[in-house]
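Asks: Data: model.txt, compact mmCIF, C-alpha atoms.
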```txt
# COMPACT_ATOMS: atom_id res chain seq x y z
CA MET G 15 26.34 1.91 -9.92
CA LEU G 16 22.69 2.05 -8.87
CA GLN G 17 21.33 -0.87 -6.90
CA MET G 18 18.22 -2.55 -8.23
CA PHE G 19 15.12 -0.65 -7.05
CA GLU G 20 17.20 2.24 -5.63
CA SER G 21 15.08 4.89 -7.39
CA GLU G 22 11.81 3.14 -6.56
CA ILE G 23 12.83 2.93 -2.91
CA ALA G 24 13.60 6.66 -2.81
CA VAL G 25 10.18 7.39 -4.30
CA ASN G 26 8.46 5.06 -1.81
CA GLU G 27 10.28 6.65 1.12
CA ASN G 28 9.04 10.05 -0.05
CA LEU G 29 5.50 8.70 -0.42
CA LEU G 30 5.66 7.38 3.17
CA ILE G 31 6.58 10.89 4.37
CA GLN G 32 3.48 12.21 2.59
CA PHE G 33 1.49 9.28 3.99
CA GLY G 34 2.47 10.31 7.53
CA LYS G 35 1.22 13.86 6.96
CA ILE G 36 -2.05 12.72 5.40
CA VAL G 37 -3.02 10.07 7.96
CA THR G 38 -2.46 12.46 10.87
CA ASP G 39 -5.77 14.14 10.04
CA ILE G 40 -7.81 11.00 9.34
CA ARG G 41 -10.14 10.67 12.30
CA GLU G 42 -10.79 7.29 13.89
CA GLU G 43 -14.56 7.90 13.78
CA THR G 44 -14.44 8.27 9.97
CA LEU G 45 -12.32 5.19 9.37
CA PHE G 46 -15.22 3.09 8.04
CA THR G 47 -17.00 5.90 6.16
CA PRO G 48 -16.78 5.77 2.35
CA SER G 49 -15.47 8.95 0.82
CA ALA G 50 -17.26 10.95 -1.84
CA GLY G 51 -15.95 10.45 -5.34
CA HIS G 52 -13.95 7.22 -5.24
CA GLY G 53 -16.15 5.60 -2.55
CA HIS G 54 -13.32 4.01 -0.59
CA SER G 55 -13.22 4.26 3.18
CA PRO G 56 -9.94 5.11 4.94
CA VAL G 57 -9.96 1.64 6.56
CA TRP G 58 -10.07 -0.03 3.14
CA LEU G 59 -7.33 2.21 1.74
CA LEU G 60 -5.05 1.63 4.73
CA GLY G 61 -5.76 -2.10 4.80
CA HIS G 62 -5.29 -2.38 1.04
CA LEU G 63 -1.92 -0.66 1.14
CA ALA G 64 -0.88 -2.85 4.08
CA ILE G 65 -1.82 -6.18 2.48
CA VAL G 66 -0.37 -5.23 -0.90
CA GLY G 67 2.90 -4.44 0.88
CA GLU G 68 2.85 -7.98 2.25
CA ALA G 69 1.98 -9.41 -1.17
CA GLY G 70 5.00 -7.62 -2.60
CA GLN G 71 7.14 -9.13 0.13
CA ARG G 72 5.89 -12.60 -0.82
CA MET G 73 7.08 -12.03 -4.40
CA LEU G 74 10.56 -11.39 -3.00
CA GLY G 75 10.69 -14.39 -0.66
CA GLY G 76 8.80 -12.94 2.31
CA LYS G 77 5.38 -13.99 3.50
CA ILE G 78 1.91 -12.66 4.08
CA ILE G 79 1.31 -12.27 7.80
CA HIS G 80 -2.26 -10.94 7.75
CA ILE G 81 -3.85 -13.72 5.67
CA GLU G 82 -7.32 -12.61 6.85
CA TRP G 83 -6.71 -9.21 5.25
CA LEU G 84 -6.51 -10.70 1.76
CA ARG G 85 -10.29 -11.20 1.69
CA LEU G 86 -10.98 -7.78 3.23
CA PHE G 87 -8.43 -5.65 1.39
CA GLY G 88 -6.84 -7.66 -1.42
CA PRO G 89 -7.38 -7.24 -5.14
CA GLY G 90 -11.03 -7.61 -6.04
CA SER G 91 -12.24 -6.97 -2.49
CA VAL G 92 -15.28 -4.81 -1.90
CA ASP G 93 -14.72 -1.95 0.44
CA ASN G 94 -17.83 -2.35 2.54
CA ILE G 95 -15.73 -3.25 5.58
CA PRO G 96 -17.76 -4.03 8.72
CA SER G 97 -16.66 -2.20 11.86
CA ASP G 98 -14.00 -4.18 13.66
CA ALA G 99 -12.31 -3.00 16.86
CA ALA G 100 -9.07 -4.68 15.73
CA LEU G 101 -8.87 -2.45 12.66
CA THR G 102 -7.71 0.76 14.27
CA LYS G 103 -6.09 3.73 12.62
CA SER G 104 -2.88 3.24 14.57
CA SER G 105 -2.61 -0.50 13.85
CA LEU G 106 -3.23 -0.02 10.14
CA ILE G 107 -0.77 2.88 9.88
CA ALA G 108 1.84 0.77 11.67
CA ALA G 109 1.18 -2.13 9.29
CA VAL G 110 1.56 0.06 6.19
CA SER G 111 4.79 1.59 7.49
CA GLU G 112 6.29 -1.73 8.54
CA ASN G 113 5.18 -3.60 5.43
CA TYR G 114 6.73 -1.06 3.06
CA HIS G 115 9.89 -0.85 5.18
CA GLN G 116 10.22 -4.63 4.83
CA LEU G 117 9.31 -4.54 1.13
CA ARG G 118 12.06 -1.97 0.50
CA HIS G 119 14.53 -4.13 2.45
CA LEU G 120 13.66 -7.23 0.42
CA ALA G 121 13.78 -5.24 -2.83
CA LEU G 122 17.34 -4.12 -2.08
CA ALA G 123 18.37 -7.75 -1.56
CA ALA G 124 16.53 -9.08 -4.63
CA ASP G 125 18.42 -10.89 -7.35
CA GLU G 126 17.88 -10.39 -11.06
CA ALA G 127 16.87 -14.01 -11.68
CA ASN G 128 14.02 -13.85 -9.16
CA VAL G 129 12.61 -10.53 -10.34
CA SER G 130 12.84 -11.40 -14.05
CA ARG G 131 10.17 -14.11 -13.75
CA ALA G 132 6.45 -13.55 -14.42
CA HIS G 133 4.62 -12.01 -11.45
CA GLY G 134 1.46 -14.14 -11.62
CA VAL G 135 -0.88 -11.37 -10.44
CA SER G 136 -4.15 -11.94 -12.28
CA ILE G 137 -5.39 -8.35 -11.96
CA LEU G 138 -2.31 -7.22 -13.94
CA GLU G 139 -2.69 -9.77 -16.75
CA GLY G 140 -2.73 -8.10 -20.15
CA THR G 141 -0.85 -5.03 -18.92
CA PRO G 142 2.74 -3.99 -19.63
CA ILE G 143 3.57 -5.05 -16.05
CA VAL G 144 4.73 -8.63 -16.67
CA THR G 145 7.68 -9.39 -14.38
CA VAL G 146 8.15 -9.36 -10.63
CA LYS G 147 10.50 -6.41 -11.14
CA HIS G 148 7.78 -4.46 -12.94
CA CYS G 149 5.27 -5.35 -10.23
CA ILE G 150 7.55 -4.33 -7.33
CA THR G 151 8.27 -1.05 -9.11
CA HIS G 152 4.52 -0.51 -9.46
CA LEU G 153 3.83 -1.35 -5.80
CA LEU G 154 6.55 0.95 -4.49
CA THR G 155 5.56 3.87 -6.71
CA SER G 156 2.41 4.24 -8.80
CA HIS G 157 0.14 1.87 -6.87
CA PHE G 158 1.05 3.44 -3.53
CA ALA G 159 0.73 6.98 -4.94
CA PHE G 160 -2.67 6.25 -6.50
CA HIS G 161 -4.18 5.05 -3.23
CA LEU G 162 -2.39 7.75 -1.26
CA SER G 163 -4.20 10.33 -3.39
CA GLN G 164 -7.51 8.65 -2.52
CA LEU G 165 -6.59 8.76 1.17
CA SER G 166 -5.72 12.43 0.74
CA SER G 167 -9.16 13.06 -0.76
CA CYS G 168 -10.73 11.46 2.36
CA ARG G 169 -8.75 13.96 4.42
CA ARG G 170 -9.80 16.89 2.22
CA ALA G 171 -13.46 15.77 2.26
CA ALA G 172 -13.28 16.05 6.06
CA GLY G 173 -12.50 19.76 5.63
CA PHE G 174 -8.74 19.86 5.97
CA PRO G 175 -6.73 22.23 3.74
CA ALA G 176 -4.24 21.11 1.14
CA LEU G 177 -0.89 19.92 2.50
CA PHE G 178 1.23 20.28 -0.60
```
The structure in this file should be written as structure tokens.

Replies:
Amino acid sequence: MLQMFESEIAVNENLLIQFGKIVTDIREETLFTPSAGHGHSPVWLLGHLAIVGEAGQRMLGGKIIHIEWLRLFGPGSVDNIPSDAALTKSSLIAAVSENYHQLRHLALAADEANVSRAHGVSILEGTPIVTVKHCITHLLTSHFAFHLSQLSSCRRAAGFPALF
């Protein structure tokens, strides 16, 4: 019998492997530079993935550790992030990796009653994503993949060849 979120966790683990390959080529000096096309900077994309990983943890009984990142990188934030020495490539990569590791751990331990309730995420109101279970599935898969593709385009805009 499959555990709840087993497939989503496998997909997220694969996305994190791709994430590792993509972020290797993101240069620290371009971290705050908006990319052509989507306009997001690598710092916003990394910070957004990190804080959303923490938000997903909160839905499953965890907590948000980087409260200050909600304003900078949360839903509805603008991605004109001022340079900040604390927001380094390595610290943001570590936060994304750790936050999704913890989110996967909490998802494996989730119970059906908790994930069947409404998620309460205003940006998803009016969408087919209505429960915590739907939202965690989205965060582990499509949301992560969408922003990973934007991060990949930052890498390609810097002149690197395709990885996949």

Asks: Which neighbours of Lys103 in chain G fall inside 8 Å, counting all atoms listed in the file, when residues of the same chain fewer than 2 positions from it are skipped, and could you give them as a PyMOL selection string?

Replies: chain G and resi 42+45+57+101+105-107

Asks: Counting only C-alpha atoms, which residue out of G:Val144, G:Ile150, G:Ala121, G:Leu177 sits closest to Gln17 in chain G?

Replies: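 With only C-alpha atoms as the atom set, the closest residue is G:Ala121.
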
Asks: Under the rule that only C-alpha atoms are counted, which of G:Gly70, G:Pro142, G:Gly61, G:Pro48 is the nearest residue to Leu154 in chain G?

Replies: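 Selected residue with least distance to Leu154 in chain G: G:Gly70.
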
Asks: Residues of range 30-50 of chain G within 10 Å of range 157-164 of chain G: nearest atom pair and distance (Å, one decimal) for each, counting all atoms listed in the file, sorted by chain and number, as JSON lines?

Replies:
```
{"residue": "G:Leu30", "atom": "CA", "partner": "G:Phe158", "partner_atom": "CA", "distance": 9.0}
{"residue": "G:Gln32", "atom": "CA", "partner": "G:Leu162", "partner_atom": "CA", "distance": 8.3}
{"residue": "G:Phe33", "atom": "CA", "partner": "G:Leu162", "partner_atom": "CA", "distance": 6.7}
{"residue": "G:Ile36", "atom": "CA", "partner": "G:Leu162", "partner_atom": "CA", "distance": 8.3}
{"residue": "G:Val37", "atom": "CA", "partner": "G:Leu162", "partner_atom": "CA", "distance": 9.5}
{"residue": "G:Ser49", "atom": "CA", "partner": "G:Gln164", "partner_atom": "CA", "distance": 8.6}
```

Asks: Counting all atoms listed in the file, which of G:Asp98, G:Asp39, G:Asp93, G:Glu112 gets nearest to Gln71 in chain G?

Replies: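 Nearest to Gln71 in chain G: G:Glu112.
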
Asks: Could you tell me how far CA of Thr145 in chain G sits from CA of Leu165 in chain G, in Å to one decimal place?

Replies: 27.8 Å

Asks: Within 7 Å of range 72-88 of chain G, counting only C-alpha atoms, which residues qualify if same-chain residues fewer than 4 places away don't, as a PDB file with C-alpha atoms, in the frame of the given file?

Replies:
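Dumped everything to out-v3.pdb:
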```pdb
ATOM      1  CA  TRP G  58     -10.070  -0.030   3.140  1.00  0.00           C
ATOM      2  CA  GLY G  61      -5.760  -2.100   4.800  1.00  0.00           C
ATOM      3  CA  HIS G  62      -5.290  -2.380   1.040  1.00  0.00           C
ATOM      4  CA  ILE G  65      -1.820  -6.180   2.480  1.00  0.00           C
ATOM      5  CA  VAL G  66      -0.370  -5.230  -0.900  1.00  0.00           C
ATOM      6  CA  GLU G  68       2.850  -7.980   2.250  1.00  0.00           C
ATOM      7  CA  ILE G  95     -15.730  -3.250   5.580  1.00  0.00           C
ATOM      8  CA  LEU G 120      13.660  -7.230   0.420  1.00  0.00           C
ATOM      9  CA  ALA G 121      13.780  -5.240  -2.830  1.00  0.00           C
ATOM     10  CA  ALA G 124      16.530  -9.080  -4.630  1.00  0.00           C
ATOM     11  CA  VAL G 146       8.150  -9.360 -10.630  1.00  0.00           C
TER      12      VAL G 146
END
```

Asks: Please produce range 31-42 of chain G, completed to all heavy atoms, as a PDB file, in the frame of the given file.

Replies:
```pdb
ATOM      1  N   ILE G  31       6.564   9.595   3.672  1.00  0.00           N
ATOM      2  CA  ILE G  31       6.580  10.890   4.370  1.00  0.00           C
ATOM      3  C   ILE G  31       5.248  11.590   4.148  1.00  0.00           C
ATOM      4  O   ILE G  31       4.621  12.098   5.092  1.00  0.00           O
ATOM      5  CB  ILE G  31       7.769  11.750   3.906  1.00  0.00           C
ATOM      6  CG1 ILE G  31       9.082  11.133   4.384  1.00  0.00           C
ATOM      7  CG2 ILE G  31       7.624  13.187   4.409  1.00  0.00           C
ATOM      8  CD1 ILE G  31      10.327  11.742   3.737  1.00  0.00           C
ATOM      9  N   GLN G  32       4.786  11.610   2.905  1.00  0.00           N
ATOM     10  CA  GLN G  32       3.480  12.210   2.590  1.00  0.00           C
ATOM     11  C   GLN G  32       2.362  11.450   3.299  1.00  0.00           C
ATOM     12  O   GLN G  32       1.425  12.066   3.825  1.00  0.00           O
ATOM     13  CB  GLN G  32       3.256  12.215   1.079  1.00  0.00           C
ATOM     14  CG  GLN G  32       4.203  13.119   0.331  1.00  0.00           C
ATOM     15  CD  GLN G  32       4.046  12.986  -1.169  1.00  0.00           C
ATOM     16  OE1 GLN G  32       3.004  12.581  -1.672  1.00  0.00           O
ATOM     17  NE2 GLN G  32       5.089  13.324  -1.903  1.00  0.00           N
ATOM     18  N   PHE G  33       2.460  10.126   3.305  1.00  0.00           N
ATOM     19  CA  PHE G  33       1.490   9.280   3.990  1.00  0.00           C
ATOM     20  C   PHE G  33       1.358   9.706   5.455  1.00  0.00           C
ATOM     21  O   PHE G  33       0.249   9.871   5.962  1.00  0.00           O
ATOM     22  CB  PHE G  33       1.946   7.817   3.879  1.00  0.00           C
ATOM     23  CG  PHE G  33       1.141   6.827   4.661  1.00  0.00           C
ATOM     24  CD1 PHE G  33      -0.082   6.380   4.195  1.00  0.00           C
ATOM     25  CD2 PHE G  33       1.622   6.321   5.865  1.00  0.00           C
ATOM     26  CE1 PHE G  33      -0.821   5.439   4.906  1.00  0.00           C
ATOM     27  CE2 PHE G  33       0.899   5.390   6.589  1.00  0.00           C
ATOM     28  CZ  PHE G  33      -0.332   4.953   6.112  1.00  0.00           C
ATOM     29  N   GLY G  34       2.481   9.908   6.127  1.00  0.00           N
ATOM     30  CA  GLY G  34       2.470  10.310   7.530  1.00  0.00           C
ATOM     31  C   GLY G  34       1.733  11.624   7.750  1.00  0.00           C
ATOM     32  O   GLY G  34       1.009  11.782   8.739  1.00  0.00           O
ATOM     33  N   LYS G  35       1.910  12.562   6.842  1.00  0.00           N
ATOM     34  CA  LYS G  35       1.220  13.860   6.960  1.00  0.00           C
ATOM     35  C   LYS G  35      -0.282  13.707   6.714  1.00  0.00           C
ATOM     36  O   LYS G  35      -1.093  14.318   7.409  1.00  0.00           O
ATOM     37  CB  LYS G  35       1.808  14.853   5.962  1.00  0.00           C
ATOM     38  CG  LYS G  35       3.233  15.238   6.274  1.00  0.00           C
ATOM     39  CD  LYS G  35       3.809  16.125   5.191  1.00  0.00           C
ATOM     40  CE  LYS G  35       5.270  16.439   5.473  1.00  0.00           C
ATOM     41  NZ  LYS G  35       5.856  17.240   4.389  1.00  0.00           N
ATOM     42  N   ILE G  36      -0.642  12.893   5.754  1.00  0.00           N
ATOM     43  CA  ILE G  36      -2.050  12.720   5.400  1.00  0.00           C
ATOM     44  C   ILE G  36      -2.816  11.989   6.495  1.00  0.00           C
ATOM     45  O   ILE G  36      -3.892  12.414   6.902  1.00  0.00           O
ATOM     46  CB  ILE G  36      -2.183  11.995   4.038  1.00  0.00           C
ATOM     47  CG1 ILE G  36      -1.718  12.940   2.917  1.00  0.00           C
ATOM     48  CG2 ILE G  36      -3.601  11.500   3.793  1.00  0.00           C
ATOM     49  CD1 ILE G  36      -1.481  12.263   1.585  1.00  0.00           C
ATOM     50  N   VAL G  37      -2.269  10.889   6.997  1.00  0.00           N
ATOM     51  CA  VAL G  37      -3.020  10.070   7.960  1.00  0.00           C
ATOM     52  C   VAL G  37      -3.163  10.752   9.325  1.00  0.00           C
ATOM     53  O   VAL G  37      -4.066  10.388  10.084  1.00  0.00           O
ATOM     54  CB  VAL G  37      -2.428   8.659   8.131  1.00  0.00           C
ATOM     55  CG1 VAL G  37      -2.540   7.885   6.841  1.00  0.00           C
ATOM     56  CG2 VAL G  37      -1.011   8.693   8.655  1.00  0.00           C
ATOM     57  N   THR G  38      -2.336  11.735   9.606  1.00  0.00           N
ATOM     58  CA  THR G  38      -2.460  12.460  10.870  1.00  0.00           C
ATOM     59  C   THR G  38      -3.874  13.024  11.044  1.00  0.00           C
ATOM     60  O   THR G  38      -4.420  12.992  12.149  1.00  0.00           O
ATOM     61  CB  THR G  38      -1.423  13.608  10.935  1.00  0.00           C
ATOM     62  OG1 THR G  38      -0.129  13.022  10.914  1.00  0.00           O
ATOM     63  CG2 THR G  38      -1.592  14.463  12.160  1.00  0.00           C
ATOM     64  N   ASP G  39      -4.457  13.495   9.970  1.00  0.00           N
ATOM     65  CA  ASP G  39      -5.770  14.140  10.040  1.00  0.00           C
ATOM     66  C   ASP G  39      -6.953  13.209   9.795  1.00  0.00           C
ATOM     67  O   ASP G  39      -8.105  13.642   9.872  1.00  0.00           O
ATOM     68  CB  ASP G  39      -5.826  15.303   9.037  1.00  0.00           C
ATOM     69  CG  ASP G  39      -4.877  16.425   9.397  1.00  0.00           C
ATOM     70  OD1 ASP G  39      -4.634  16.631  10.603  1.00  0.00           O
ATOM     71  OD2 ASP G  39      -4.373  17.097   8.480  1.00  0.00           O
ATOM     72  N   ILE G  40      -6.695  11.959   9.491  1.00  0.00           N
ATOM     73  CA  ILE G  40      -7.810  11.000   9.340  1.00  0.00           C
ATOM     74  C   ILE G  40      -8.306  10.657  10.737  1.00  0.00           C
ATOM     75  O   ILE G  40      -7.552  10.223  11.591  1.00  0.00           O
ATOM     76  CB  ILE G  40      -7.360   9.724   8.594  1.00  0.00           C
ATOM     77  CG1 ILE G  40      -6.814  10.047   7.196  1.00  0.00           C
ATOM     78  CG2 ILE G  40      -8.485   8.695   8.543  1.00  0.00           C
ATOM     79  CD1 ILE G  40      -7.824  10.569   6.218  1.00  0.00           C
ATOM     80  N   ARG G  41      -9.572  10.906  10.971  1.00  0.00           N
ATOM     81  CA  ARG G  41     -10.140  10.670  12.300  1.00  0.00           C
ATOM     82  C   ARG G  41     -10.634   9.226  12.426  1.00  0.00           C
ATOM     83  O   ARG G  41     -11.219   8.668  11.506  1.00  0.00           O
ATOM     84  CB  ARG G  41     -11.277  11.652  12.568  1.00  0.00           C
ATOM     85  CG  ARG G  41     -10.792  13.101  12.616  1.00  0.00           C
ATOM     86  CD  ARG G  41     -11.876  14.077  13.055  1.00  0.00           C
ATOM     87  NE  ARG G  41     -13.167  13.883  12.421  1.00  0.00           N
ATOM     88  CZ  ARG G  41     -13.598  14.579  11.370  1.00  0.00           C
ATOM     89  NH1 ARG G  41     -12.852  15.513  10.834  1.00  0.00           N
ATOM     90  NH2 ARG G  41     -14.790  14.351  10.872  1.00  0.00           N
ATOM     91  N   GLU G  42     -10.392   8.676  13.597  1.00  0.00           N
ATOM     92  CA  GLU G  42     -10.790   7.290  13.890  1.00  0.00           C
ATOM     93  C   GLU G  42     -12.285   7.080  13.613  1.00  0.00           C
ATOM     94  O   GLU G  42     -12.687   6.054  13.065  1.00  0.00           O
ATOM     95  CB  GLU G  42     -10.473   6.963  15.347  1.00  0.00           C
ATOM     96  CG  GLU G  42     -10.551   5.514  15.696  1.00  0.00           C
ATOM     97  CD  GLU G  42      -9.283   4.734  15.366  1.00  0.00           C
ATOM     98  OE1 GLU G  42      -8.179   5.234  15.555  1.00  0.00           O
ATOM     99  OE2 GLU G  42      -9.438   3.584  14.910  1.00  0.00           O
TER     100      GLU G  42
END
```
